[in-house]
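Novice: Just coords-v3.csv, nothing more (CSV, C-alpha atoms):
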chain,number,residue,atom,x,y,z
B,334,GLU,CA,-36.2,16.0,32.9
B,335,HIS,CA,-32.6,16.8,33.5
B,336,ILE,CA,-30.2,13.9,32.9
B,337,GLU,CA,-27.7,15.5,35.3
B,338,TYR,CA,-28.8,15.9,38.9
B,339,ALA,CA,-29.5,19.2,40.5
B,340,GLY,CA,-26.3,21.4,40.8
B,341,VAL,CA,-25.9,21.9,37.0
B,342,HIS,CA,-27.5,25.1,35.7
B,343,SER,CA,-30.6,24.3,33.7
B,344,GLY,CA,-29.1,26.2,30.7
B,345,ASP,CA,-26.2,23.7,30.7
B,346,ALA,CA,-28.1,20.5,31.6
B,347,THR,CA,-29.1,17.9,29.1
B,348,LEU,CA,-32.9,17.6,28.9
B,349,VAL,CA,-35.1,14.7,27.9
B,350,PHE,CA,-38.8,14.9,27.1
B,351,PRO,CA,-41.0,13.0,27.8
B,352,ALA,CA,-39.4,12.4,31.1
B,353,GLN,CA,-37.9,8.9,31.4
B,354,GLN,CA,-37.3,8.3,35.1
B,355,ILE,CA,-39.8,10.3,37.0
B,356,TYR,CA,-42.4,8.4,39.1
B,357,PHE,CA,-46.0,8.7,38.0
B,358,ALA,CA,-46.9,10.0,41.5
B,359,THR,CA,-44.2,12.7,41.2
B,360,ALA,CA,-45.6,13.8,37.8
B,361,ARG,CA,-49.0,14.1,39.3
B,362,GLN,CA,-47.7,16.2,42.2
B,363,ILE,CA,-45.9,18.5,39.7
B,364,LYS,CA,-49.1,19.1,37.8
B,365,LYS,CA,-51.1,19.8,41.0
B,366,ILE,CA,-48.4,22.3,42.3
B,367,SER,CA,-48.1,24.0,38.9
B,368,ARG,CA,-51.9,24.4,38.7
B,369,ARG,CA,-52.1,26.0,42.2
B,370,ILE,CA,-49.2,28.4,41.5
B,371,ALA,CA,-50.8,29.4,38.2
B,372,GLN,CA,-54.1,30.1,39.9
B,373,GLU,CA,-52.5,32.0,42.9
B,374,LEU,CA,-50.4,34.2,40.6
B,375,ASN,CA,-53.3,34.6,38.1
B,376,ILE,CA,-51.0,33.6,35.2
B,377,SER,CA,-52.3,33.5,31.7
B,378,GLY,CA,-49.5,32.6,29.3
B,379,PRO,CA,-46.2,30.8,29.4
B,380,PHE,CA,-44.3,30.5,32.7
B,381,ASN,CA,-41.3,28.4,33.8
B,382,ILE,CA,-41.2,26.3,37.0
B,383,GLN,CA,-38.2,24.2,38.0
B,384,PHE,CA,-38.8,21.4,40.4
B,385,LEU,CA,-36.5,19.3,42.5
B,386,ALA,CA,-37.8,15.7,43.0
B,387,ARG,CA,-36.3,13.1,45.3
B,388,LYS,CA,-38.2,9.8,45.6
B,389,ASN,CA,-41.7,11.2,45.8
B,390,GLU,CA,-40.8,14.5,47.6
B,391,VAL,CA,-41.2,17.5,45.3
B,392,LYS,CA,-39.9,21.0,46.0
B,393,VAL,CA,-40.2,24.2,43.8
B,394,ILE,CA,-36.8,25.7,43.0
B,395,GLU,CA,-38.2,28.8,41.2
B,396,CYS,CA,-41.0,30.1,39.1
B,397,ASN,CA,-40.5,32.7,36.4
B,398,LEU,CA,-43.2,34.6,34.5
B,399,ARG,CA,-41.6,34.1,31.1
B,400,ALA,CA,-41.1,31.3,28.6
B,401,SER,CA,-37.9,29.3,29.0
B,402,ARG,CA,-35.8,27.8,26.3
B,403,SER,CA,-37.4,24.4,26.9
B,404,PHE,CA,-40.7,26.0,25.8
B,405,PRO,CA,-40.0,25.8,22.0
B,406,PHE,CA,-38.3,22.4,22.6
B,407,VAL,CA,-41.4,20.9,24.1
B,408,SER,CA,-43.5,22.5,21.4
B,409,LYS,CA,-41.4,20.8,18.7
B,410,VAL,CA,-41.4,17.4,20.4
B,411,LEU,CA,-45.2,17.4,21.0
B,412,LYS,CA,-45.8,19.1,17.6
B,413,ARG,CA,-48.0,21.6,19.3
B,414,ASN,CA,-47.6,25.3,18.7
B,415,PHE,CA,-47.6,26.5,22.3
B,416,ILE,CA,-46.8,30.1,21.3
B,417,GLU,CA,-50.0,30.3,19.3
B,418,THR,CA,-52.0,28.8,22.2
B,419,ALA,CA,-50.4,31.1,24.7
B,420,THR,CA,-51.0,34.2,22.5
B,421,ARG,CA,-54.7,33.2,22.2
B,422,ILE,CA,-55.0,32.7,25.9
B,423,MET,CA,-53.4,36.1,26.6
B,424,LEU,CA,-55.7,37.8,24.1
B,425,ASP,CA,-58.8,36.0,25.5
B,426,ALA,CA,-59.3,34.5,22.0
B,427,PRO,CA,-60.7,31.0,21.4
B,428,TYR,CA,-58.2,28.1,21.6
B,429,THR,CA,-58.2,24.3,21.6
B,430,GLN,CA,-56.9,22.1,24.4
B,431,PRO,CA,-53.9,19.9,23.5
B,432,ASP,CA,-55.3,16.7,22.1
B,433,LYS,CA,-52.2,14.6,23.0
B,434,SER,CA,-50.2,14.1,26.2
B,435,ALA,CA,-46.6,13.1,26.6
B,436,PHE,CA,-47.8,9.5,27.0
B,437,ASP,CA,-49.3,9.4,23.5
B,438,ILE,CA,-46.3,10.3,21.4
B,439,ASP,CA,-44.0,7.7,19.9
B,440,ARG,CA,-40.7,9.7,20.0
B,441,ILE,CA,-38.2,11.1,22.5
B,442,GLY,CA,-36.6,14.5,22.4
B,443,VAL,CA,-33.2,15.4,23.9
B,444,LYS,CA,-31.8,18.9,24.2
B,445,ALA,CA,-28.0,19.1,24.6
B,446,SER,CA,-26.0,22.2,25.3
B,447,GLN,CA,-23.2,23.5,23.1
B,448,PHE,CA,-20.1,24.8,24.8
B,449,SER,CA,-17.3,27.0,23.5
B,450,PHE,CA,-14.5,26.2,26.0
B,451,ALA,CA,-12.0,25.7,23.1
B,452,ARG,CA,-12.4,29.4,22.3
B,453,LEU,CA,-12.0,30.5,26.0
B,454,GLN,CA,-8.3,30.2,26.8
B,455,ASN,CA,-7.6,28.5,30.3
B,456,ALA,CA,-11.3,28.3,31.2
B,457,ASP,CA,-12.1,25.2,33.3
B,458,PRO,CA,-14.6,23.1,31.3
B,459,VAL,CA,-16.6,21.8,34.3
B,460,LEU,CA,-20.3,22.3,34.8
B,461,GLY,CA,-21.8,24.0,37.9
B,462,VAL,CA,-24.5,26.4,39.0
B,463,ASP,CA,-23.2,29.2,36.7
B,464,MET,CA,-24.3,28.8,33.1
B,465,SER,CA,-21.5,28.2,30.6
B,466,SER,CA,-23.2,27.1,27.4
B,467,THR,CA,-23.4,29.3,24.3
B,468,GLY,CA,-26.2,27.4,22.6
B,469,GLU,CA,-28.1,24.2,22.4
B,470,VAL,CA,-29.3,21.5,20.0
B,471,GLY,CA,-32.6,19.7,20.1
B,472,CYS,CA,-32.9,16.3,18.5
B,473,LEU,CA,-35.5,13.5,18.2
B,474,GLY,CA,-35.2,9.7,18.2
B,475,ASP,CA,-37.4,6.7,18.3
B,476,ASP,CA,-36.0,5.9,21.8
B,477,PHE,CA,-33.9,7.7,24.4
B,478,ASP,CA,-30.5,6.2,23.3
B,479,GLU,CA,-31.0,7.3,19.7
B,480,ALA,CA,-32.2,10.8,20.7
B,481,LEU,CA,-29.3,11.3,23.1
B,482,LEU,CA,-26.7,10.2,20.5
B,483,ASN,CA,-28.2,12.5,17.9
B,484,ALA,CA,-28.1,15.4,20.2
B,485,LEU,CA,-24.5,14.8,21.5
B,486,ILE,CA,-23.1,14.1,18.0
B,487,ALA,CA,-24.8,17.3,16.9
B,488,THR,CA,-22.9,19.3,19.6
B,489,GLY,CA,-19.6,17.8,18.6
B,490,TYR,CA,-19.2,14.5,20.5
B,491,ARG,CA,-17.8,11.5,18.6
B,492,ILE,CA,-18.5,7.9,19.4
B,493,PRO,CA,-15.2,6.4,20.7
B,494,LYS,CA,-13.4,3.8,18.6
B,495,LYS,CA,-10.8,2.2,20.8
B,496,ALA,CA,-9.9,3.8,24.1
B,497,VAL,CA,-11.6,5.7,27.0
B,498,LEU,CA,-10.0,7.4,30.0
B,499,LEU,CA,-12.0,7.4,33.2
B,500,SER,CA,-11.2,9.5,36.3
B,501,SER,CA,-14.4,9.0,38.2
B,502,GLY,CA,-13.9,11.1,41.3
B,503,ALA,CA,-15.7,10.2,44.6
B,504,THR,CA,-16.9,6.7,45.5
B,505,LYS,CA,-20.5,7.4,44.5
B,506,SER,CA,-19.4,8.4,41.0
B,507,LYS,CA,-17.3,5.3,40.7
B,508,VAL,CA,-20.3,3.2,41.6
B,509,ASP,CA,-22.5,5.1,39.2
B,510,LEU,CA,-20.2,4.4,36.4
B,511,LEU,CA,-19.6,0.8,37.2
B,512,ASP,CA,-22.2,-0.7,34.9
B,513,ALA,CA,-21.2,1.6,32.1
B,514,SER,CA,-17.5,0.6,32.5
B,515,GLN,CA,-18.6,-3.0,32.4
B,516,MET,CA,-20.3,-2.3,29.0
B,517,LEU,CA,-17.2,-0.6,27.7
B,518,SER,CA,-15.1,-3.6,28.6
B,519,GLN,CA,-17.6,-6.1,27.0
B,520,LYS,CA,-17.6,-4.0,23.8
B,521,GLY,CA,-13.8,-4.3,23.5
B,522,TYR,CA,-12.8,-0.8,24.5
B,523,HIS,CA,-9.4,-0.3,26.2
B,524,ILE,CA,-10.1,1.4,29.5
B,525,TYR,CA,-7.5,3.6,31.0
B,526,ALA,CA,-8.0,5.2,34.5
B,527,THR,CA,-6.3,7.3,37.1
B,528,ALA,CA,-5.0,5.4,40.1
B,529,GLY,CA,-8.1,5.2,42.4
B,530,THR,CA,-10.5,4.5,39.6
B,531,ALA,CA,-8.2,1.8,38.1
B,532,THR,CA,-8.0,0.1,41.5
B,533,PHE,CA,-11.7,0.2,41.9
B,534,LEU,CA,-12.5,-1.1,38.4
B,535,ASN,CA,-9.9,-3.9,38.5
B,536,SER,CA,-11.2,-5.0,41.9
B,537,HIS,CA,-14.6,-5.4,40.2
B,538,GLY,CA,-13.3,-7.6,37.4
B,539,ILE,CA,-13.0,-4.8,34.7
B,540,PRO,CA,-9.6,-4.9,33.1
B,541,THR,CA,-8.2,-1.3,33.4
B,542,THR,CA,-4.8,0.2,32.7
B,543,PRO,CA,-3.7,2.8,35.3
B,544,VAL,CA,-2.1,6.1,34.2
B,545,PHE,CA,-0.1,8.6,36.2
B,546,TRP,CA,-1.7,11.9,37.3
B,547,PRO,CA,-0.3,15.1,35.5
B,548,ASP,CA,2.0,15.8,38.5
B,549,GLU,CA,3.4,12.2,38.8
B,550,ARG,CA,6.4,11.2,36.6
B,551,PRO,CA,5.7,13.8,33.9
B,552,ASN,CA,8.2,12.0,31.5
B,553,ALA,CA,6.6,8.6,31.8
B,554,GLU,CA,5.0,7.1,28.7
B,555,ASN,CA,1.8,6.6,30.6
B,556,ASN,CA,1.6,10.0,32.2
B,557,VAL,CA,-2.0,11.2,31.4
B,558,MET,CA,-0.9,14.5,29.8
B,559,LYS,CA,1.6,12.8,27.5
B,560,MET,CA,-1.2,10.3,26.4
B,561,ILE,CA,-3.6,13.2,25.9
B,562,ALA,CA,-1.0,15.0,23.7
B,563,ASN,CA,-0.6,11.8,21.7
B,564,HIS,CA,-4.4,11.5,21.2
B,565,GLN,CA,-4.5,8.0,22.8
B,566,PHE,CA,-8.0,8.5,24.2
B,567,ASP,CA,-11.3,8.8,22.2
B,568,LEU,CA,-13.3,10.0,25.2
B,569,ILE,CA,-12.3,11.4,28.6
B,570,VAL,CA,-14.6,11.2,31.6
B,571,ASN,CA,-13.3,13.4,34.5
B,572,ILE,CA,-15.6,13.8,37.5
B,573,PRO,CA,-14.2,16.4,40.0
B,574,LYS,CA,-13.7,14.6,43.4
B,575,ASN,CA,-13.1,17.3,46.0
B,576,HIS,CA,-11.7,20.8,46.4
B,577,SER,CA,-8.2,19.9,47.6
B,578,LYS,CA,-5.5,21.9,45.7
B,579,ARG,CA,-3.9,18.8,44.2
B,580,GLU,CA,-7.2,17.4,43.0
B,581,LEU,CA,-8.3,20.8,41.5
B,582,THR,CA,-5.0,21.3,39.7
B,583,ASN,CA,-4.7,17.7,38.3
B,584,GLY,CA,-8.4,17.6,37.4
B,585,TYR,CA,-8.2,21.0,35.7
B,586,ARG,CA,-5.1,20.0,33.7
B,587,ILE,CA,-6.8,16.8,32.4
B,588,ARG,CA,-10.0,18.7,31.5
B,589,ARG,CA,-8.2,21.5,29.8
B,590,GLY,CA,-5.9,19.0,28.0
B,591,ALA,CA,-9.0,17.3,26.6
B,592,ILE,CA,-10.4,20.6,25.3
B,593,ASP,CA,-7.1,21.8,23.9
B,594,HIS,CA,-6.6,18.5,22.0
B,595,ASN,CA,-10.2,18.3,20.8
B,596,ILE,CA,-10.9,15.1,22.7
B,597,PRO,CA,-14.6,14.6,23.8
B,598,LEU,CA,-14.9,15.4,27.5
B,599,MET,CA,-17.6,14.6,30.1
B,600,THR,CA,-17.5,15.9,33.6
B,601,ASN,CA,-20.9,14.6,34.9
B,602,ALA,CA,-21.3,11.0,35.9
B,603,ARG,CA,-24.9,10.6,35.0
B,604,LEU,CA,-24.5,12.1,31.5
B,605,ALA,CA,-21.3,10.0,31.0
B,606,LYS,CA,-23.2,6.9,32.0
B,607,ALA,CA,-26.1,7.7,29.7
B,608,PHE,CA,-23.8,8.4,26.8
B,609,ILE,CA,-21.7,5.2,27.3
B,610,GLU,CA,-24.8,3.0,27.6
B,611,ALA,CA,-26.2,4.7,24.5
B,612,PHE,CA,-23.3,4.1,22.2
B,613,CYS,CA,-22.7,0.6,23.5
B,614,THR,CA,-26.3,-0.3,22.8
B,615,THR,CA,-26.8,1.6,19.5
B,616,LYS,CA,-24.4,1.5,16.6
B,617,LEU,CA,-23.7,4.7,14.7
B,618,GLU,CA,-24.9,3.1,11.4
B,619,ASP,CA,-28.2,2.2,13.1
B,620,ILE,CA,-29.1,5.8,13.9
B,621,GLN,CA,-31.8,6.9,11.5
B,622,ILE,CA,-31.7,10.1,9.6
B,623,LYS,CA,-35.2,11.4,9.8
B,624,SER,CA,-36.8,14.8,9.3
B,625,TRP,CA,-39.0,16.3,12.0
B,626,GLN,CA,-42.0,15.7,9.7
B,627,GLU,CA,-41.3,12.0,9.6
B,628,TYR,CA,-41.9,11.6,13.3
B,629,LYS,CA,-45.7,10.9,13.6
Could you express the structure from this file as structure tokens?
Specialist:
Amino acid sequence: EHIEYAGVHSGDATLVFPAQQIYFATARQIKKISRRIAQELNISGPFNIQFLARKNEVKVIECNLRASRSFPFVSKVLKRNFIETATRIMLDAPYTQPDKSAFDIDRIGVKASQFSFARLQNADPVLGVDMSSTGEVGCLGDDFDEALLNALIATGYRIPKKAVLLSSGATKSKVDLLDASQMLSQKGYHIYATAGTATFLNSHGIPTTPVFWPDERPNAENNVMKMIANHQFDLIVNIPKNHSKRELTNGYRIRRGAIDHNIPLMTNARLAKAFIEAFCTTKLEDIQIKSWQEYK
């Protein structure tokens, strides 16, 4: 299951397995549709289907007759060598059916993407339908929060210590991040935000300090670019709002500033929400260091 909604390339998306928020009825439909497509195309071996699910309505985005990069990831999480099984099936050799389903395992896997925006001068570090990642990390945990933190820390994120900057874009993103912002406030983080986000959060009882956009009062102490240069934020969440010239320019400058000053950046509201909830719930010292073999 992608943590980000559709619109982010599957190669850039953060994956969780077993799925955490898919309805049982949706999972059943997915299995039925997959079985029918496999029979119709006479597939014997690995294939990759992407589904779009909204409520209980399921649509197929694409089906590729090849293994995807989630194939070895699922193999590792389930501890089942699907390459061996697939090879046996393709060679018409004897094979055994998997003896465990995703419901039977007592661990969660998260696959997070690795980006190299710091090495790409002037590139806009925002996720879209084109793939930008240059690698990925797969990590396990006893629960979703632990697995997510393991994966994101492994790709270079750091758990914030004091201050977070939120620029949460459209109203829907602001609402999506409201609970997470509340958790940040309760945990004692200093929340900074661009004008619209600061007004929204303060009106909902979350103490927030407004900062100026890059093109507003550039010499002011609380101009966002000056604060980024002074490393006053431990995490920057910047959700693109619309495609107006001012929004694109200001948003790009904030995102690029975060990358150039090595400040962890998130540009997707759902991933930011999951990350904030994870580090507010699970302390860094509580994350276990376990080998793959230790997960039974």
Novice: Smallest atom-to-atom distance to Met423 (chain B): which of B:Asn455, B:Asn375, B:Leu411, B:Ala526, using only C-alpha atoms?
Specialist: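 Looking at the shortest contact to Met423 (chain B), the residue is B:Asn375.
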Novice: Can you list, as a VMD selection string, every protein, DNA or RNA residue that comes within 8 Å of Leu511 (chain B) when you count only C-alpha atoms, leaving out same-chain residues fewer than 4 positions away?
Specialist: chain B and resid 507 515 534
Novice: Write a file of the just-selected residues containing C-alpha atoms, as a compact mmCIF listing (two decimals), in the coordinates of the input.
Specialist:
# COMPACT_ATOMS: atom_id res chain seq x y z
CA LYS B 507 -17.30 5.30 40.70
CA GLN B 515 -18.60 -3.00 32.40
CA LEU B 534 -12.50 -1.10 38.40
Novice: Between B:Glu337, B:Pro427, B:Arg368, B:Pro379, which has the minimum distance to Phe415 (chain B) (counting all atoms listed in the file)?
Specialist: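 Of B:Glu337, B:Pro427, B:Arg368, B:Pro379, the one nearest Phe415 (chain B) is B:Pro379, counting all atoms listed in the file.
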Novice: Have a look at CA of Lys444 (chain B) and CA of Glu479 (chain B) and let me know their distance in Å, one decimal.
Specialist: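 CA of Lys444 (chain B) sits 12.5 Å away from CA of Glu479 (chain B).
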Novice: How many Å separate CA of Asn583 (chain B) from CA of Ser343 (chain B)?
Specialist: 27.1 Å
Novice: Set the distance at 10 Å and use all atoms listed in the file: which residues neighbour Asn555 (chain B) once local chain neighbours fewer than 5 positions away are removed? I'd like the list as a list of chain:residue names.
Specialist: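 Residues meeting the cut-off are B:Tyr525, B:Thr542, B:Pro543, B:Val544, B:Phe545, B:Trp546, B:Arg550, B:Met560, B:Ile561.
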Novice: CA of Leu485 (chain B) and CA of Phe406 (chain B) are how many Å apart?
Specialist: 15.8 Å
Novice: Between B:Thr582, B:Asn595, B:Gln430, B:Thr600, which has the minimum distance to Ala562 (chain B) (counting all atoms listed in the file)?
Specialist: B:Asn595
